[in-house]
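Enquirer: File follows, coords-v4.txt with compact mmCIF, C-alpha atoms:
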```txt
# COMPACT_ATOMS: atom_id res chain seq x y z
CA PRO A 167 5.24 27.43 -36.44
CA MET A 168 7.75 29.08 -38.81
CA HIS A 169 10.20 29.63 -35.93
CA MET A 170 10.42 25.83 -35.55
CA SER A 171 11.80 25.35 -39.05
CA ALA A 172 14.99 27.22 -38.14
CA THR A 173 16.01 24.70 -35.46
CA ARG A 174 16.15 20.93 -35.10
CA LYS A 175 14.77 20.82 -31.57
CA TYR A 176 11.13 20.34 -32.54
CA GLU A 177 10.76 16.63 -33.22
CA VAL A 178 7.17 15.66 -32.47
CA GLN A 179 6.44 12.65 -30.25
CA ARG A 180 4.55 10.10 -32.29
CA THR A 181 1.67 8.33 -30.56
CA ASN A 182 2.63 4.95 -32.01
CA ASN A 183 6.21 4.91 -30.69
CA PHE A 184 5.74 3.31 -27.30
CA ARG A 185 5.59 0.04 -25.42
CA LEU A 186 4.10 -1.11 -22.12
CA ALA A 187 5.97 -3.60 -19.95
CA LEU A 188 4.32 -5.19 -16.90
CA ASP A 189 5.88 -7.38 -14.22
CA ILE A 190 2.85 -9.72 -14.11
CA ASP A 191 4.58 -12.99 -13.28
CA GLY A 192 7.02 -11.52 -10.76
CA THR A 193 10.19 -12.41 -12.65
CA ASP A 194 10.12 -11.08 -16.22
CA ASP A 195 8.52 -8.14 -17.91
CA ILE A 196 5.53 -9.10 -20.03
CA GLU A 197 5.34 -6.95 -23.13
CA LEU A 198 1.84 -7.01 -24.52
CA ALA A 199 1.00 -6.09 -28.11
CA VAL A 200 -0.68 -2.86 -27.08
CA ASP A 201 -3.00 -1.08 -29.52
CA SER A 202 -3.57 1.87 -27.18
CA THR A 203 -2.95 2.98 -23.63
CA GLY A 204 -3.41 6.09 -21.58
CA LEU A 205 -0.55 7.86 -19.88
CA PRO A 206 -0.63 8.59 -16.15
CA THR A 207 -2.94 11.38 -15.01
CA ILE A 208 -2.29 12.81 -11.56
CA THR A 209 -4.70 15.11 -9.70
CA ASN A 210 -4.69 16.69 -6.27
CA GLU A 211 -7.77 17.49 -4.29
CA THR A 212 -8.01 21.13 -3.32
CA ILE A 213 -8.00 22.24 0.30
CA GLU A 214 -9.46 25.70 0.88
CA LEU A 215 -8.14 27.75 3.78
CA ALA A 216 -9.75 30.92 5.08
CA TYR A 217 -7.32 33.81 4.81
CA GLY A 218 -8.63 37.20 5.92
CA ASN A 219 -11.73 38.00 3.89
CA SER A 220 -10.95 35.47 1.19
CA LYS A 221 -9.77 31.92 0.74
CA VAL A 222 -6.55 30.43 -0.55
CA LYS A 223 -6.15 26.98 -1.99
CA VAL A 224 -3.44 24.42 -1.29
CA ALA A 225 -2.83 20.92 -2.59
CA GLY A 226 -4.39 17.95 -0.84
CA GLN A 227 -3.88 14.24 -1.44
CA ALA A 228 -2.74 13.08 -4.87
CA THR A 229 -4.82 10.63 -6.88
CA TYR A 230 -3.69 8.67 -9.93
CA GLU A 231 -6.40 8.04 -12.50
CA ASP A 232 -6.98 4.55 -13.90
CA ILE A 233 -5.38 3.70 -17.25
CA THR A 234 -7.27 1.96 -20.06
CA VAL A 235 -5.18 -0.49 -22.10
CA VAL A 236 -6.25 -2.28 -25.30
CA VAL A 237 -4.11 -5.23 -26.45
CA LYS A 238 -4.10 -7.70 -29.32
CA ASP A 239 -5.02 -11.26 -28.28
CA PHE A 240 -2.41 -13.75 -29.51
CA ILE A 241 -3.45 -17.40 -29.36
CA GLU A 242 -0.04 -19.07 -29.18
CA ALA A 243 1.19 -16.82 -26.36
CA ASP A 244 -2.32 -17.19 -24.84
CA ILE A 245 -2.60 -13.55 -23.82
CA GLU A 246 -6.22 -14.12 -22.73
CA LYS A 247 -5.06 -16.78 -20.23
CA ILE A 248 -2.19 -14.64 -18.91
CA LEU A 249 -4.48 -11.66 -18.29
CA TRP A 250 -7.30 -13.88 -16.91
CA ASN A 251 -4.89 -15.46 -14.41
CA TRP A 252 -3.73 -12.00 -13.30
CA ARG A 253 -7.32 -10.82 -12.92
CA LYS A 254 -8.10 -14.05 -11.01
CA LEU A 255 -5.51 -12.99 -8.41
CA VAL A 256 -7.74 -9.96 -7.74
CA TYR A 257 -11.01 -11.90 -7.57
CA ASP A 258 -11.52 -15.61 -8.19
CA PRO A 259 -15.06 -16.27 -9.48
CA GLU A 260 -14.71 -20.01 -8.78
CA THR A 261 -14.11 -19.51 -5.04
CA ASP A 262 -15.74 -16.07 -4.69
CA LEU A 263 -12.63 -14.86 -2.85
CA VAL A 264 -10.69 -11.60 -3.19
CA GLY A 265 -6.91 -12.02 -3.36
CA TRP A 266 -4.04 -10.48 -1.44
CA ALA A 267 -2.93 -7.07 -2.73
CA SER A 268 0.71 -8.13 -2.40
CA ARG A 269 0.04 -10.87 -4.98
CA TYR A 270 -2.00 -8.97 -7.58
CA LYS A 271 -0.39 -5.51 -7.48
CA LYS A 272 2.45 -5.32 -9.98
CA ASP A 273 4.86 -2.72 -11.33
CA GLY A 274 5.34 -1.64 -14.91
CA ARG A 275 6.82 0.88 -17.30
CA ILE A 276 5.69 2.85 -20.31
CA TYR A 277 8.51 3.59 -22.75
CA GLN A 278 8.21 6.34 -25.34
CA TYR A 279 10.54 6.23 -28.32
CA GLY A 280 11.94 8.77 -30.72
CA PRO A 281 11.66 8.15 -34.47
CA ASP A 282 15.06 6.37 -34.45
CA GLY A 283 14.01 3.89 -31.73
CA THR A 284 15.84 5.47 -28.78
CA VAL A 285 13.98 5.72 -25.48
CA VAL A 286 13.24 9.40 -24.92
CA ARG A 287 10.79 9.11 -22.01
CA GLN A 288 10.00 6.45 -19.47
CA TRP A 289 7.24 6.23 -16.86
CA LYS A 290 7.45 4.01 -13.79
CA LEU A 291 4.08 2.54 -12.74
CA ILE A 292 3.71 1.21 -9.19
CA GLY A 293 0.90 -0.87 -7.72
CA VAL A 294 -0.80 -1.72 -11.02
CA TRP A 295 -3.72 -4.17 -11.09
CA PRO A 296 -6.68 -4.88 -13.37
CA THR A 297 -9.93 -3.48 -11.98
CA GLN A 298 -11.77 -4.50 -15.15
CA LEU A 299 -11.01 -7.07 -17.86
CA ASP A 300 -13.00 -7.21 -21.10
CA LEU A 301 -11.91 -10.26 -23.10
CA GLY A 302 -13.39 -8.89 -26.32
CA GLU A 303 -16.02 -10.28 -28.61
CA MET A 304 -16.32 -12.93 -31.28
CA ASN A 305 -18.17 -12.20 -34.53
CA TYR A 306 -18.90 -14.49 -37.49
CA ASP A 307 -19.33 -11.47 -39.77
CA SER A 308 -15.76 -10.26 -39.33
CA SER A 309 -12.20 -11.56 -39.43
CA ASP A 310 -10.72 -8.66 -37.48
CA LYS A 311 -8.13 -9.18 -34.79
CA LYS A 312 -9.54 -9.95 -31.34
CA GLN A 313 -8.74 -7.28 -28.77
CA ILE A 314 -8.75 -7.38 -25.00
CA SER A 315 -9.28 -4.19 -23.03
CA MET A 316 -8.62 -3.67 -19.36
CA THR A 317 -8.71 -0.88 -16.86
CA LEU A 318 -5.61 -0.73 -14.69
CA SER A 319 -5.56 0.91 -11.28
CA VAL A 320 -2.28 2.71 -10.55
CA ASP A 321 -1.07 3.60 -7.05
CA LYS A 322 1.74 5.86 -8.19
CA ALA A 323 3.40 6.91 -11.45
CA TYR A 324 6.32 9.15 -12.26
CA PRO A 325 8.73 9.82 -15.12
CA ILE A 326 12.20 8.29 -14.83
CA ARG A 327 14.90 10.74 -15.89
```
Taking this structure as input, can you express it in the form of structure tokens?
Expert:
Amino acid sequence: PMHMSATRKYEVQRTNNFRLALDIDGTDDIELAVDSTGLPTITNETIELAYGNSKVKVAGQATYEDITVVVKDFIEADIEKILWNWRKLVYDPETDLVGWASRYKKDGRIYQYGPDGTVVRQWKLIGVWPTQLDLGEMNYDSSDKKQISMTLSVDKAYPIR
């Protein structure tokens, strides 16, 4: 790493300089107090083709892995209610009905910041919806912050330049 000390082009990305914005209500971005989130992971299935006495491999369909997000639950903003209502668009346990994809799939962005607060990277998330919602736990033996975790399905993700 000594070669890095001679230049200023090696600023490390800090894992705590980010924010997640989701278009849950259809009009404004909801910025949750995120404790942690995964970044998009894209994989392609492999297609093998016979070629002479061997095989070659080419890319098949792309798949975007689910993202796990952990957020702080704020009472006054009622984050639990906001996320529950979004999840209820996917499946309503009162009526036992599954919702319309056009109503529960939302878009979002993950912003990564430099140490001075400037946006250095940005990911566009398309077709995001909660496949799993864990509203956390209550515990008389602790006064820790309550966290909500959710698994988000992502149809497509790409960096915005």
Enquirer: For each of A:Ile196, A:Ala267, A:Val236, A:Met316, take the minimum atom-to-atom distance to Leu255 (chain A), counting all atoms listed in the file, then give the residue where this is smallest.
Expert: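 Using all atoms listed in the file, the shortest distance to Leu255 (chain A) belongs to A:Ala267.
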Enquirer: Can you tell me how far CA of Asp244 (chain A) sits from CA of Leu205 (chain A), in Å to one decimal?
Expert: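 We find that CA of Asp244 (chain A) and CA of Leu205 (chain A) lie 25.6 Å from each other.
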Enquirer: Might I get the box with edges along x, y and z of the file that holds all atoms of region 174-191 of chain A listed there, padded by 5 Å on every side, given as centre and edge lengths in Å to one decimal, as lines of an AutoDock Vina configuration file?
Expert:
```
center_x = 8.9
center_y = 4.0
center_z = -24.2
size_x = 24.5
size_y = 43.9
size_z = 31.8
```
Enquirer: What lies within 9 Å of region 303-312 of chain A using only C-alpha atoms, ignoring chain neighbours under 3 positions off, as JSON, numbers by chain?
Expert: {"A": [237, 238, 239, 240, 300]}
Enquirer: For a test of reading the model, state the distance in Å between CA of Val264 (chain A) and CA of Gln313 (chain A), rounded to one decimal.
Expert: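 These atoms are spaced 26.0 Å apart.
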Enquirer: Residues around (11.0, 4.0, -32.9), cut-off 9 Å, counting all atoms listed in the file - what are they as a list of chain:residue names?
Expert: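 In the file's frame, the residues around the point are A:Arg180, A:Asn182, A:Asn183, A:Phe184, A:Gln278, A:Tyr279, A:Gly280, A:Pro281, A:Asp282, A:Gly283, A:Thr284, A:Val285.
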Enquirer: Would you output that residue set with C-alpha atoms, as a tab-separated table (two decimals), in the frame of the given file?
Expert:
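What follows is the written file again.tsv:
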```
chain	number	residue	atom	x	y	z
A	180	ARG	CA	4.55	10.10	-32.29
A	182	ASN	CA	2.63	4.95	-32.01
A	183	ASN	CA	6.21	4.91	-30.69
A	184	PHE	CA	5.74	3.31	-27.30
A	278	GLN	CA	8.21	6.34	-25.34
A	279	TYR	CA	10.54	6.23	-28.32
A	280	GLY	CA	11.94	8.77	-30.72
A	281	PRO	CA	11.66	8.15	-34.47
A	282	ASP	CA	15.06	6.37	-34.45
A	283	GLY	CA	14.01	3.89	-31.73
A	284	THR	CA	15.84	5.47	-28.78
A	285	VAL	CA	13.98	5.72	-25.48
```
Enquirer: Using only C-alpha atoms, which of A:Asp321, A:Glu246, A:Asp201, A:Glu211 sits nearest Lys223 (chain A)?
Expert: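 The shortest atom-to-atom distance to Lys223 (chain A) comes from A:Glu211.
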